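Novice: The structure file run-v4.txt (compact mmCIF, C-alpha atoms) is provided below.
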```txt
# COMPACT_ATOMS: atom_id res chain seq x y z
CA MET A 1 -21.58 20.82 10.69
CA SER A 2 -21.97 17.89 8.28
CA LYS A 3 -21.26 14.23 9.04
CA LEU A 4 -18.09 14.41 6.91
CA GLN A 5 -16.73 17.40 8.86
CA LYS A 6 -17.53 15.72 12.18
CA ALA A 7 -15.70 12.56 11.06
CA ALA A 8 -12.72 14.66 9.89
CA TRP A 9 -12.54 16.59 13.19
CA PHE A 10 -12.81 13.33 15.16
CA ASN A 11 -10.05 11.66 13.09
CA LEU A 12 -7.83 14.73 13.34
CA ALA A 13 -8.23 15.04 17.12
CA MET A 14 -7.89 11.30 17.80
CA GLY A 15 -4.98 10.85 15.39
CA THR A 16 -3.03 13.81 16.76
CA GLY A 17 -3.81 13.01 20.39
CA CYS A 18 -2.93 9.33 20.11
CA THR A 19 0.30 10.10 18.23
CA LEU A 20 1.41 12.69 20.80
CA LEU A 21 0.60 10.36 23.70
CA THR A 22 2.33 7.39 22.05
CA GLY A 23 5.38 9.53 21.21
CA ALA A 24 5.65 10.80 24.78
CA PHE A 25 5.19 7.27 26.15
CA PHE A 26 7.89 5.83 23.88
CA ALA A 27 10.26 8.73 24.61
CA PHE A 28 9.82 8.12 28.34
CA LEU A 29 10.38 4.36 27.97
CA THR A 30 13.48 4.87 25.82
CA ARG A 31 14.87 7.53 28.19
CA THR A 32 14.46 5.29 31.20
CA ASN A 33 15.95 2.42 29.17
CA ALA A 34 12.92 0.25 29.98
CA ARG A 35 13.00 -3.40 29.07
CA GLY A 36 10.30 -5.29 27.19
CA LEU A 37 9.80 -2.82 24.34
CA VAL A 38 9.56 -5.85 22.03
CA TYR A 39 6.23 -6.76 23.64
CA VAL A 40 4.93 -3.24 23.05
CA ALA A 41 6.01 -3.56 19.40
CA ILE A 42 4.22 -6.93 19.10
CA SER A 43 1.01 -5.39 20.50
CA LEU A 44 1.35 -2.48 18.10
CA VAL A 45 1.80 -4.78 15.09
CA SER A 46 -1.19 -6.89 16.15
CA ALA A 47 -3.33 -3.76 16.49
CA CYS A 48 -2.15 -2.39 13.12
CA VAL A 49 -2.98 -5.66 11.33
CA LEU A 50 -6.16 -6.67 13.15
CA THR A 51 -7.91 -3.28 13.11
CA PRO A 52 -8.21 -3.02 9.28
CA VAL A 53 -9.03 -6.76 9.05
CA PHE A 54 -11.92 -6.50 11.54
CA TYR A 55 -13.06 -3.25 9.93
CA MET A 56 -13.27 -4.94 6.52
CA LEU A 57 -14.94 -8.08 7.88
CA TYR A 58 -17.56 -6.53 10.13
CA ARG A 59 -18.43 -3.18 8.60
CA ARG A 60 -22.13 -2.94 7.79
CA LYS A 61 -21.87 -0.31 5.06
CA SER A 62 -19.13 1.90 3.69
CA LEU A 63 -18.44 5.33 5.19
CA GLU A 64 -19.20 7.00 1.88
CA SER A 65 -22.75 5.61 1.70
CA GLY A 66 -24.02 8.22 4.16
CA PHE A 67 -22.60 11.16 2.16
CA ASP A 68 -24.24 13.23 -0.56
CA GLU A 69 -22.61 13.81 -3.96
CA ARG A 70 -20.73 16.94 -2.84
CA GLU A 71 -19.32 15.20 0.23
CA LYS A 72 -18.35 12.15 -1.82
CA ALA A 73 -16.41 14.40 -4.22
CA ILE A 74 -14.67 16.15 -1.30
CA TYR A 75 -13.85 12.78 0.29
CA LYS A 76 -12.44 11.41 -2.98
CA ARG A 77 -10.23 14.49 -3.58
CA ALA A 78 -9.00 14.39 0.02
CA PHE A 79 -8.16 10.69 -0.32
CA ALA A 80 -6.21 11.28 -3.54
CA LEU A 81 -4.32 14.18 -1.95
CA SER A 82 -3.49 12.17 1.18
CA ALA A 83 -2.27 9.25 -0.98
CA TRP A 84 0.11 11.62 -2.82
CA ILE A 85 1.34 13.16 0.44
CA LEU A 86 1.82 9.67 1.90
CA MET A 87 3.97 8.63 -1.08
CA VAL A 88 6.09 11.79 -1.03
CA PHE A 89 6.54 11.62 2.75
CA LEU A 90 7.47 7.91 2.69
CA ALA A 91 9.98 8.58 -0.10
CA GLY A 92 11.46 11.51 1.80
CA ILE A 93 11.70 9.78 5.16
CA CYS A 94 13.32 6.72 3.54
CA ILE A 95 15.84 8.56 1.37
CA VAL A 96 16.90 11.39 3.72
CA PRO A 97 18.69 9.17 6.31
CA PHE A 98 20.37 7.25 3.49
CA PHE A 99 21.85 10.46 2.06
CA PHE A 100 22.74 11.93 5.45
CA LEU A 101 24.35 8.82 6.91
CA GLY A 102 25.64 7.16 3.75
CA GLY A 103 25.11 3.58 2.66
CA GLN A 104 27.84 2.18 4.91
CA ASN A 105 26.40 3.55 8.16
CA VAL A 106 23.81 1.92 10.40
CA ILE A 107 20.58 3.11 11.98
CA ARG A 108 18.87 1.90 15.15
CA VAL A 109 15.99 -0.52 14.65
CA TYR A 110 13.61 1.89 16.39
CA TYR A 111 13.84 4.24 13.45
CA LEU A 112 11.88 1.80 11.24
CA PRO A 113 8.63 1.69 13.27
CA LEU A 114 8.97 5.46 13.52
CA ILE A 115 8.87 5.61 9.71
CA PHE A 116 5.71 3.50 9.62
CA LEU A 117 3.87 5.34 12.40
CA SER A 118 4.80 8.82 11.20
CA THR A 119 3.66 7.92 7.66
CA LEU A 120 0.30 6.73 9.00
CA PHE A 121 -0.06 9.91 11.05
CA VAL A 122 0.85 12.21 8.14
CA ALA A 123 -1.62 10.44 5.81
CA GLN A 124 -4.42 10.68 8.37
CA PHE A 125 -3.59 14.31 9.17
CA ALA A 126 -3.48 15.30 5.49
CA HIS A 127 -6.77 13.52 4.78
CA SER A 128 -8.63 15.21 7.65
CA MET A 129 -7.12 18.63 6.91
CA ALA A 130 -7.95 18.34 3.20
CA ILE A 131 -11.59 17.56 4.04
CA LEU A 132 -11.88 20.43 6.52
CA VAL A 133 -10.20 22.97 4.21
CA GLN A 134 -12.35 21.96 1.25
CA CYS A 135 -15.55 22.16 3.31
CA GLU A 136 -14.52 25.57 4.62
CA LEU A 137 -13.69 26.86 1.14
CA GLU A 138 -17.00 25.64 -0.24
CA ASP A 139 -18.91 27.23 2.64
CA ASP A 140 -17.13 30.55 2.00
CA HIS A 141 -18.04 30.48 -1.69
CA GLY A 142 -21.63 29.61 -0.81
CA MET B 1 -7.99 -8.61 -23.12
CA ASN B 2 -7.89 -4.86 -22.44
CA ARG B 3 -4.84 -2.65 -21.82
CA ASN B 4 -4.99 -2.94 -18.02
CA GLN B 5 -5.06 -6.72 -18.21
CA LYS B 6 -2.12 -6.83 -20.63
CA ILE B 7 -0.02 -4.50 -18.44
CA SER B 8 -0.91 -6.52 -15.33
CA LEU B 9 -0.03 -9.77 -17.07
CA TYR B 10 3.38 -8.44 -18.19
CA LEU B 11 4.12 -7.16 -14.68
CA VAL B 12 3.00 -10.34 -12.92
CA VAL B 13 4.99 -12.61 -15.26
CA SER B 14 8.17 -10.53 -15.21
CA MET B 15 8.10 -9.90 -11.46
CA SER B 16 7.31 -13.54 -10.64
CA LEU B 17 10.14 -14.68 -12.90
CA ALA B 18 12.54 -12.16 -11.37
CA GLY B 19 11.50 -13.16 -7.83
CA ALA B 20 11.92 -16.89 -8.60
CA LEU B 21 15.37 -16.24 -10.11
CA LEU B 22 16.49 -14.20 -7.11
CA ILE B 23 15.32 -16.94 -4.72
CA ALA B 24 17.11 -19.55 -6.87
CA GLY B 25 20.24 -17.38 -6.84
CA LEU B 26 20.15 -17.02 -3.06
CA ALA B 27 19.53 -20.76 -2.64
CA THR B 28 22.43 -21.77 -4.91
CA HIS B 29 24.73 -19.25 -3.21
CA HIS B 30 23.73 -20.55 0.22
CA PHE B 31 23.79 -24.29 -0.50
CA ALA B 32 26.30 -24.69 -3.34
CA GLY B 33 28.47 -21.65 -2.72
CA VAL B 34 28.08 -20.54 -6.35
CA SER B 35 27.96 -16.84 -7.17
CA SER B 36 24.39 -15.58 -7.53
CA ARG B 37 25.33 -12.80 -9.99
CA PRO B 38 24.09 -14.58 -13.17
CA PHE B 39 20.71 -15.07 -11.53
CA VAL B 40 20.58 -11.40 -10.55
CA TYR B 41 21.46 -10.30 -14.12
CA VAL B 42 18.80 -12.55 -15.67
CA ALA B 43 16.24 -11.34 -13.09
CA ALA B 44 17.08 -7.72 -13.96
CA LEU B 45 16.74 -8.59 -17.67
CA ALA B 46 13.31 -10.16 -17.02
CA MET B 47 12.19 -7.02 -15.19
CA ALA B 48 13.54 -4.79 -17.95
CA VAL B 49 11.68 -6.80 -20.62
CA GLY B 50 8.49 -6.55 -18.54
CA VAL B 51 8.84 -2.77 -18.19
CA VAL B 52 9.56 -2.34 -21.95
CA LEU B 53 6.45 -4.41 -22.77
CA VAL B 54 4.37 -2.27 -20.40
CA PHE B 55 5.52 0.94 -22.10
CA ARG B 56 4.92 -0.56 -25.56
CA THR B 57 1.32 -1.55 -24.78
CA LYS B 58 -0.91 0.52 -27.01
CA PRO B 59 -4.05 2.25 -25.69
CA ASP B 60 -7.37 0.52 -26.35
CA GLY B 61 -9.21 1.58 -29.49
CA GLY B 62 -12.91 2.42 -29.72
CA ALA B 63 -15.13 5.15 -28.31
CA VAL B 64 -15.56 3.65 -24.83
CA VAL B 65 -12.18 2.87 -23.26
CA SER B 66 -13.42 2.02 -19.75
CA ASP B 67 -16.84 1.62 -18.16
CA GLU B 68 -18.15 1.52 -14.58
CA ARG B 69 -17.01 -2.08 -14.12
CA ASP B 70 -13.44 -1.20 -15.16
CA LYS B 71 -13.42 1.75 -12.76
CA LEU B 72 -14.64 -0.45 -9.89
CA ILE B 73 -11.99 -3.07 -10.69
CA GLU B 74 -9.32 -0.36 -10.79
CA LYS B 75 -10.49 1.05 -7.45
CA ASN B 76 -10.45 -2.40 -5.81
CA ALA B 77 -7.01 -3.09 -7.30
CA HIS B 78 -5.67 0.18 -5.86
CA LEU B 79 -7.06 -0.83 -2.46
CA ALA B 80 -5.45 -4.28 -2.74
CA GLY B 81 -2.12 -2.63 -3.61
CA PHE B 82 -2.43 -0.24 -0.69
CA GLY B 83 -3.22 -3.15 1.67
CA ALA B 84 -0.20 -5.07 0.42
CA VAL B 85 2.08 -2.06 0.93
CA TYR B 86 0.63 -1.52 4.40
CA LEU B 87 1.41 -5.12 5.40
CA PHE B 88 4.84 -4.99 3.74
CA VAL B 89 5.84 -1.81 5.59
CA ILE B 90 4.62 -3.27 8.91
CA VAL B 91 6.69 -6.42 8.39
CA ALA B 92 9.76 -4.53 7.14
CA SER B 93 9.55 -2.07 10.06
CA PHE B 94 8.95 -4.43 12.93
CA ALA B 95 10.76 -7.60 11.79
CA PRO B 96 14.27 -6.15 12.51
CA ILE B 97 13.24 -5.48 16.16
CA ALA B 98 12.00 -9.06 16.49
CA ILE B 99 15.09 -10.55 14.81
CA LEU B 100 17.90 -8.30 16.01
CA GLY B 101 16.52 -7.39 19.43
CA GLU B 102 15.85 -4.06 21.12
CA ASN B 103 19.39 -2.71 20.77
CA GLY B 104 20.02 -3.88 17.22
CA SER B 105 20.82 -1.75 14.22
CA VAL B 106 20.37 -2.17 10.46
CA PRO B 107 22.33 -0.72 7.52
CA ALA B 108 21.09 2.64 6.26
CA ASN B 109 20.49 0.92 2.89
CA TRP B 110 17.45 -0.67 4.51
CA CYS B 111 15.42 2.55 4.17
CA PRO B 112 15.61 3.00 0.36
CA ALA B 113 15.19 -0.79 0.04
CA LEU B 114 11.98 -0.48 2.04
CA LEU B 115 10.73 2.18 -0.38
CA ILE B 116 11.65 0.17 -3.49
CA GLY B 117 10.15 -2.99 -1.96
CA ALA B 118 6.93 -1.10 -1.21
CA GLY B 119 6.76 0.04 -4.86
CA PHE B 120 7.26 -3.50 -6.16
CA CYS B 121 4.75 -4.86 -3.66
CA GLN B 122 2.15 -2.32 -4.76
CA ALA B 123 2.61 -3.08 -8.46
CA TYR B 124 2.56 -6.86 -7.90
CA ALA B 125 -0.54 -6.90 -5.69
CA GLN B 126 -2.39 -4.44 -7.92
CA SER B 127 -1.61 -6.48 -11.05
CA TRP B 128 -2.77 -9.71 -9.39
CA ALA B 129 -5.96 -8.00 -8.19
CA ILE B 130 -6.74 -6.75 -11.72
CA LEU B 131 -6.14 -10.17 -13.29
CA ILE B 132 -8.18 -12.01 -10.64
CA GLN B 133 -11.11 -9.60 -10.84
CA TYR B 134 -11.30 -9.68 -14.66
CA GLY B 135 -10.92 -13.48 -14.58
CA ARG B 136 -13.70 -13.84 -12.01
CA ASP B 137 -15.94 -11.49 -13.98
CA THR B 138 -15.41 -13.41 -17.23
CA GLU B 139 -16.11 -16.69 -15.43
CA SER B 140 -19.36 -15.41 -13.91
CA ARG B 141 -20.50 -14.08 -17.30
CA ARG B 142 -19.81 -17.45 -18.87
CA HIS B 143 -22.03 -19.20 -16.31
CA THR B 144 -24.85 -16.62 -16.45
CA PRO B 145 -27.57 -17.56 -18.97
CA GLY B 146 -27.99 -14.98 -21.72
CA PRO B 147 -31.24 -13.17 -22.57
CA ALA B 148 -32.10 -15.72 -25.25
CA ALA B 149 -31.81 -18.60 -22.76
CA GLY B 150 -33.99 -16.79 -20.23
CA LYS B 151 -36.61 -16.10 -22.90
CA GLY B 152 -36.65 -19.73 -23.93
CA GLU B 153 -37.25 -20.84 -20.36
CA THR B 154 -40.23 -18.57 -19.85
CA GLN B 155 -41.87 -19.72 -23.04
```
Would you put the structure from the file into structure tokens?
Specialist:
Amino acid sequence: MSKLQKAAWFNLAMGTGCTLLTGAFFAFLTRTNARGLVYVAISLVSACVLTPVFYMLYRRKSLESGFDEREKAIYKRAFALSAWILMVFLAGICIVPFFFLGGQNVIRVYYLPLIFLSTLFVAQFAHSMAILVQCELEDDHG
Amino acid sequence: MNRNQKISLYLVVSMSLAGALLIAGLATHHFAGVSSRPFVYVAALAMAVGVVLVFRTKPDGGAVVSDERDKLIEKNAHLAGFGAVYLFVIVASFAPIAILGENGSVPANWCPALLIGAGFCQAYAQSWAILIQYGRDTESRRHTPGPAAGKGETQ
């Protein structure tokens, strides 16, 4: 298994696991009508902003530098595909409630972070799956 | 100035003008109680002119349209746009919870507005990134001594 496939499997497992755990945790908190969800949201925002900032500031070398030409091509195609899926998903998840509820209706504020987190998850999932499928297809064709 | 730079310049100017007009409209409506509709119409006109200019920009002539440097600039600009959208969606998603509280609700119009805002944010940040990178590159080339100057020094 190549470094690219290992990274894709790791991202897929971590992304899916963390999303399921977070979803279950939030569902439990909402069901029990727990107070202080604002603080959880603040922590989440801080993590979402600081993680990419620290990654960009302190990374030694890019992820792609350890890949060969074939892996770089696979990575680039997977990134393009995940960017397209992200756009389509974000458009869908933003427009669907508008059409279902109508412009005059209201939605709970919790729906908005759900949009953001689900978009991140879908992009990550699509990226990892695209890498794994491409690697598998190339291995099959020799 | 190549095609990418021209398109970026048109977008930056028209979007900045439209943004300034909308802010001016909101300010006059809030402080003077005057209708902000004229500002909105002029802002829409500025955006429309910008978009028409973008579509009327002709492709670059010559055999080589873009080189490695252009591709790198384009890649960095895409990343800058993606980063701007990421931050915009975070702010637009979490700000209502902070402002309205845990049990608040927002109009359903907020969702398509988020999408449109993300599109504008991407275009604006990407255009700025392209202009800044080309500007920085031109500046560094101006300060770098040419081959003739280097030759003269060694002799």
Novice: So what do you get for CA of Glu136 in chain A versus CA of Ala80 in chain A, distance-wise?
Specialist: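 Pair CA of Glu136 in chain A / CA of Ala80 in chain A returns 18.4 Å.
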Novice: One decimal, in Å: what's the spacing between CA of Arg108 in chain A and CA of Gly104 in chain B?
Specialist: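 Rounded to one decimal, the two atoms are 6.2 Å apart.
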Novice: Could you list as a list in words every residue that has an atom within 8 Å of (-8.2, 20.5, -0.2), using the file's coordinates and counting only C-alpha atoms?
Specialist: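 All residues meeting the 8 Å criterion around (-8.2, 20.5, -0.2) are Ile74, Arg77, Ala78, Leu81, Met129, Ala130, Ile131, Leu132, Val133 and Gln134 of chain A.
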Novice: Residues of chain A that approach chain B to 9 Å or less, counting all atoms listed in the file: could you list each one with the shortest pair of atoms and its distance in Å to one decimal, rows by chain and increasing residue number, as a Markdown table?
Specialist:
```
| residue | atom | partner | partner_atom | distance |
| --- | --- | --- | --- | --- |
| A:Arg35 | CA | B:Glu102 | CA | 8.5 |
| A:Gly36 | CA | B:Glu102 | CA | 8.3 |
| A:Leu37 | CA | B:Glu102 | CA | 7.0 |
| A:Val38 | CA | B:Glu102 | CA | 6.6 |
| A:Ala41 | CA | B:Phe94 | CA | 7.2 |
| A:Ile42 | CA | B:Phe94 | CA | 8.2 |
| A:Val45 | CA | B:Ile90 | CA | 7.0 |
| A:Cys48 | CA | B:Ile90 | CA | 8.0 |
| A:Val49 | CA | B:Leu87 | CA | 7.4 |
| A:Leu90 | CA | B:Leu115 | CA | 7.3 |
| A:Ala91 | CA | B:Leu115 | CA | 6.4 |
| A:Ile93 | CA | B:Cys111 | CA | 8.2 |
| A:Cys94 | CA | B:Cys111 | CA | 4.7 |
| A:Ile95 | CA | B:Pro112 | CA | 5.7 |
| A:Val96 | CA | B:Cys111 | CA | 9.0 |
| A:Pro97 | CA | B:Ala108 | CA | 7.0 |
| A:Phe98 | CA | B:Ala108 | CA | 5.4 |
| A:Phe99 | CA | B:Ala108 | CA | 8.9 |
| A:Leu101 | CA | B:Ala108 | CA | 7.0 |
| A:Gly102 | CA | B:Ala108 | CA | 6.9 |
| A:Gly103 | CA | B:Asn109 | CA | 5.3 |
| A:Gln104 | CA | B:Pro107 | CA | 6.8 |
| A:Asn105 | CA | B:Ala108 | CA | 5.7 |
| A:Val106 | CA | B:Pro107 | CA | 4.2 |
| A:Ile107 | CA | B:Ser105 | CA | 5.4 |
| A:Arg108 | CA | B:Ser105 | CA | 4.2 |
| A:Val109 | CA | B:Ser105 | CA | 5.0 |
| A:Tyr110 | CA | B:Ile97 | CA | 7.4 |
| A:Tyr111 | CA | B:Ser93 | CA | 8.3 |
| A:Leu112 | CA | B:Ser93 | CA | 4.7 |
| A:Pro113 | CA | B:Ser93 | CA | 5.0 |
| A:Leu114 | CA | B:Ser93 | CA | 8.3 |
| A:Ile115 | CA | B:Ser93 | CA | 7.7 |
| A:Phe116 | CA | B:Val89 | CA | 6.7 |
```
Novice: Take CA of Arg142 in chain B and CA of Gln126 in chain B and report the distance between them in Å, one decimal.
Specialist: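 The value is 24.3 Å.
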Novice: Would you pick out the contacts of Leu21 in chain B at 8 Å or less, using all atoms listed in the file, so that residues sharing its chain but fewer than 6 positions from it are not included, and give the list as a ChimeraX atom specification?
Specialist: /B:39-40,42-43
Novice: Skip range 5-19 of chain B itself and residues of its chain fewer than 4 positions away, then list as JSON, numbers by chain all residues within 10 Å of it, counting only C-alpha atoms.
Specialist: {"B": [1, 23, 24, 25, 39, 40, 41, 42, 43, 44, 45, 46, 47, 48, 49, 50, 51, 52, 53, 54, 55, 56, 57, 58, 120, 121, 123, 124, 125, 126, 127, 128, 129, 130, 131, 132, 133, 134, 135]}
Novice: Using all atoms listed in the file, which residues sit within 12 Å of Cys135 in chain A once same-chain residues fewer than 5 positions away are excluded, as a list in words?
Specialist: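 Counting only the stated atoms, we get Met1, Ser2, Lys3, Leu4, Gln5, Lys6, Ala8, Trp9, Arg70, Glu71, Lys72, Ala73, Ile74, Tyr75, Arg77, Ala78, Ser128, Met129, Ala130, Asp140, His141 and Gly142 of chain A.
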